Each structure stands twice: as C-alpha cells, then as structure tokens.
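First up is the structure itself, then whatever we jot down about it.
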Amino acid sequence: MELNIKNFASIKEASIKIDGITVIAGENNTGKSTIGKILFASFNSLRDIDKEVRLNILNSINRQWDNFVLDLITMHKTDMDISILYDILSNILNVEDEDIEKIISNNVGEYIDINDKFIIEAIKSTANRIKEYKNISKEKLSYNIISKYYNDLFYKQINSRIFKNTNAEIKLNDFGILLEFKDDKCIKFKKNIYDNNVFLIDNPFVLDKIYSSYSSSITDLYLIDKIRHIYNKDYIVDKTLVEEKLEIIYKMLSNAINGKIINKDNDFYLAFDNITEPISIHNISAGLKSFTIIKMMLEEGILKEKDILVLDEPEIHLHPKWQLLYAEIIVLIQKVFNLHIVITTHSPYFLESIELFTKKHGIDDKTNYYLSDINIKENYSTINLVNDRISDIYYKMATPIEDLIDALGDN
C-alpha cells in the first residue's frame, strides 16, 4: 500500500510505501512522527464513522431526555417511576417527528398535570430538540467527528502553516481512504470497508494507564481499550493460533523478559518462577515495559495479519544492547505475523540492526528506508525514499558527532 500526503502540517508532499517494514529516520522535528499519526488517524477516525454518528445523535437525545426527567422530578415533584420515563424515550425514537410531542404528552399525562404551563413548555422544547437531533445532517456531523479526531491528535494544526490557503490531502488508495482538510476541518472523505487495526506506540508508560484514571492520548486509549477487551475475554482459538507462531519470538523475548503476564486485581503483573510474588508492571523499567507491550499484544492475539504497527522512536528507553534485541524481535514479528510495521528512529544502532536483521531473516526485499529532512529555504519537511543510498541517513546521524569532535578540537 502507499500513503500519499499533501500539505499536511509540516509536510509539503510525500509518498510512502507501507509494506513489510518501513523505516523513517531523521533528526527531530522533521515530520517523522506525523507519518505515524496520520496512519493511525486515517484508519481509526473512519473505521466506524457511521456508528459514531449514530452514537453521537443517540447520546445527545439521551442527554436532552435526562434534563427533561430531572426537571419533572425536581421541579414538579412527581413520584413517577423513572424507568417509565425512559420507556417513553425508547418509544419515541422510531416514530414520525409530528408524533413525538403527542406521545410524550399522552404518556406523561397519566402521572402529571400536563395542563401546567411549565410542563407544556418542557414537553414542547424537549420534543423539538429531539426532532432536531434526529434530523441533523449526518454528513456534516461526520465531518465534525473526523475533524475533532484529527484536531485532538494534531493540536488543531492540520493544514500547512507554510503553504497557506492550501488543502491538506491524505490518500490510501488500497483502502479507498481519502481525506481532505481546509482550515483544520475535514471537508471531504471516502473509505472502503476494512478490518485492519492500526496501533501507534510512542510511549512504553502506556502500561501504567491500563487500569488507572490518568488522562491518556488518543493513541494510548485505543491500545488500552484493545488490551482491556482482550484480557476480559477468553479467545482460546485465537490464542492457540498465536502460540503456534510465537515459539521463535519467545526465545528472543526471554532474553529480556521471561516472566508470565497475569491479570490480577484489575492490574497487570509479571510472575517469575524464582520470585515469590508477582511484580507490578508499574515497577519495571521503561525498557522492559517496551518488551512487555509487545509480549502482551502477541500473547493475546491483539496484533493480526495485515494490521499496522507504528513504533515511534522505540529505542529511546533502550540500552544499545537491547536496541539490537528489540530490532530483531520486530523483524521476526513482521515475518511471522505478516504485519505492516512503521518505525521512526534517530538511532544509528537501531537503524543498522533493522538493516542487518531484515537481511538475516530474508525480508529485506520488503523493507523501505526513508530520510526525513527539512527544506531549509522554505522550512517544510521532506520524506524521501533512500533504499539505494541508506548512507545518507547515517551521514545525518553522524553529523552531530563530527560537530562534537570539531568542538573538542577547538578546545
């Protein structure tokens, strides 16, 4: 598949292959993380958009009805059974607009004096608002839901701040995905039906939020929801299929983490044979958490064939020795599970490890390398395919060391 981007945030234009392993390397603030976020948002904002529209409408109707019920109970001192009031709501959701006020009046009139002017007004305003919610433009609501999703992720800066008065465009033709934005608002979208999940992991500390009340990013919440859902079910067949594929990867993982992940007291622990009490995942190192996330996702069948896994600078919390181990695990996961994996990095250790292990395990033919950089003249990000000149990436990464050597020489 190919991701095409135009005038989005700092990126003027980019075409990126998402097939096997995609490595995007470069300095900070050159648009690397933007790619992963675009992939995440493109799939997940559109996946259940029709369902989201229905839920938003229904939630708004429910809130309006809640206010109506509260008004009846507190202001008019009715002893009417609340459950009856909510039975009325279920009856009016599927009737013609002109019948809504009549049904409310007839049902409420059995318990309350509907000749009271306050009751008349409450019924009329509630009925009118429910009609408005039911007849709202679903197309406009879809645009607003998508806009909110992207603005929450990109902090209300979707369109280019460099090339003003241009529309931002995203295309993933393999999935029929098309998105267009103007003034940070979605003005056009298309999609086909697809079953691919996109996970973006940019923070190993997401494990600390699984059963906590801490605020989380959209990307964290998506992963947390999947983990909670899976661990609260018993997908024996899926787990068995995964176990058959995991043997070689487990041998690698055991070099970093050989404990068993258990769910206890609404939290996760690592149980070791030689330790009497399981260790809370909150008490393990950030590097170990990185491996634990992968182990959880694999064990519980969260990652499935053709899913997209975005790893944003995964080496940050890893010792160089563990960077090598992590890189080989990623390569093996891609090969065994046939995932699309997108990696952003600025570590020469990690980049060289990916390059080495993709050749060792025979998937270098579906590994692509991109250099993210800045056009100095106009200050926009460039994302260029460098499969035939990966040395350009290493040169960029080596420049700071050369600068340091020069500085030391001057002293």
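Residues are named by chain letter and number: chains run A, B, ... in the order of the structure tokens, numbers start at 1 in each chain, and ligands are numbered from 1 in the order shown.
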
So which bits of segment 310-349 of chain A end up helix (DSSP H, G or I) when you DSSP the backbone, as a ChimeraX atom specification? /A:314-317,320-337,348-349

Keeping only C-alpha atoms, take the residues you just selected and write them out as a PDB file, in the first residue's frame.
ATOM      1  CA  PRO A 314      11.168   2.832  20.187  1.00  0.00           C
ATOM      2  CA  GLU A 315      14.865   2.971  21.005  1.00  0.00           C
ATOM      3  CA  ILE A 316      14.547   5.961  23.339  1.00  0.00           C
ATOM      4  CA  HIS A 317      14.268   3.907  26.539  1.00  0.00           C
ATOM      5  CA  PRO A 320      22.115  -0.174  22.773  1.00  0.00           C
ATOM      6  CA  LYS A 321      22.305  -3.912  23.566  1.00  0.00           C
ATOM      7  CA  TRP A 322      18.517  -4.059  23.928  1.00  0.00           C
ATOM      8  CA  GLN A 323      18.045  -1.940  20.803  1.00  0.00           C
ATOM      9  CA  LEU A 324      19.605  -4.800  18.847  1.00  0.00           C
ATOM     10  CA  LEU A 325      17.338  -7.349  20.534  1.00  0.00           C
ATOM     11  CA  TYR A 326      14.235  -5.217  20.029  1.00  0.00           C
ATOM     12  CA  ALA A 327      15.095  -4.727  16.354  1.00  0.00           C
ATOM     13  CA  GLU A 328      15.371  -8.480  15.711  1.00  0.00           C
ATOM     14  CA  ILE A 329      12.091  -9.126  17.523  1.00  0.00           C
ATOM     15  CA  ILE A 330      10.356  -6.533  15.318  1.00  0.00           C
ATOM     16  CA  VAL A 331      11.773  -8.143  12.184  1.00  0.00           C
ATOM     17  CA  LEU A 332      10.631 -11.601  13.312  1.00  0.00           C
ATOM     18  CA  ILE A 333       7.159 -10.310  14.200  1.00  0.00           C
ATOM     19  CA  GLN A 334       6.809  -8.868  10.712  1.00  0.00           C
ATOM     20  CA  LYS A 335       7.920 -12.108   9.107  1.00  0.00           C
ATOM     21  CA  VAL A 336       5.828 -14.449  11.260  1.00  0.00           C
ATOM     22  CA  PHE A 337       2.633 -12.371  11.526  1.00  0.00           C
ATOM     23  CA  PRO A 348      22.251   4.533  14.217  1.00  0.00           C
ATOM     24  CA  TYR A 349      22.358   1.380  16.414  1.00  0.00           C
TER      25      TYR A 349
END

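Using only C-alpha atoms, the protein and nucleic acid residues lying no more than 6 Å from Ile308 of chain A, apart from those fewer than 3 places from it along its own chain, are Val198, His340 and Ile341 of chain A.
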
For the interface of segment 107-178 of chain A with segment 53-66 of chain A (cut-off 8 Å, counting only C-alpha atoms), please tabulate each contacting residue of segment 107-178 of chain A alongside its nearest pair of atoms and their separation in Å to one decimal, rows sorted by chain and increasing number, as a tab-separated table.
residue	atom	partner	partner_atom	distance
A:Thr126	CA	A:Gln64	CA	6.8
A:Arg129	CA	A:Gln64	CA	7.5
A:Ile130	CA	A:Ile61	CA	5.8
A:Tyr133	CA	A:Ile57	CA	6.0
A:Lys134	CA	A:Ile57	CA	6.9
A:Lys138	CA	A:Val53	CA	6.7
A:Leu141	CA	A:Val53	CA	6.6
A:Ser142	CA	A:Val53	CA	6.3
A:Ile145	CA	A:Val53	CA	7.8

Proximity to Ile249 of chain A - best of A:Leu270, A:Tyr394, A:Leu298, A:Leu93, only C-alpha atoms: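 Closest to Ile249 of chain A, using only C-alpha atoms: A:Leu298.
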
Close residues, Ile281 of chain A itself excluded, 8 Å, only C-alpha atoms, min 6 positions apart in chain, as a PyMOL selection string: chain A and resi 207-208+268-270+289

Let's have the selection written as a short mmCIF file (atom, residue, chain, number, x, y, z; two decimals), in the first residue's frame, with N, CA and C atoms.
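Output below, filename selection_4.cif:
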data_model
loop_
_atom_site.label_atom_id
_atom_site.label_comp_id
_atom_site.auth_asym_id
_atom_site.auth_seq_id
_atom_site.Cartn_x
_atom_site.Cartn_y
_atom_site.Cartn_z
N LEU A 207 1.50 1.30 29.69
CA LEU A 207 1.17 0.20 30.61
C LEU A 207 0.71 0.71 31.97
N ASP A 208 1.18 1.87 32.36
CA ASP A 208 0.80 2.43 33.67
C ASP A 208 -0.62 2.99 33.66
N PHE A 268 -1.97 -5.49 35.92
CA PHE A 268 -1.11 -6.49 35.32
C PHE A 268 0.18 -6.66 36.12
N TYR A 269 0.62 -7.91 36.16
CA TYR A 269 1.84 -8.26 36.90
C TYR A 269 2.69 -9.21 36.06
N LEU A 270 3.98 -9.24 36.41
CA LEU A 270 4.89 -10.22 35.83
C LEU A 270 5.21 -11.26 36.89
N LYS A 289 9.29 -2.38 29.89
CA LYS A 289 7.90 -2.14 29.50
C LYS A 289 7.73 -2.22 27.99
#
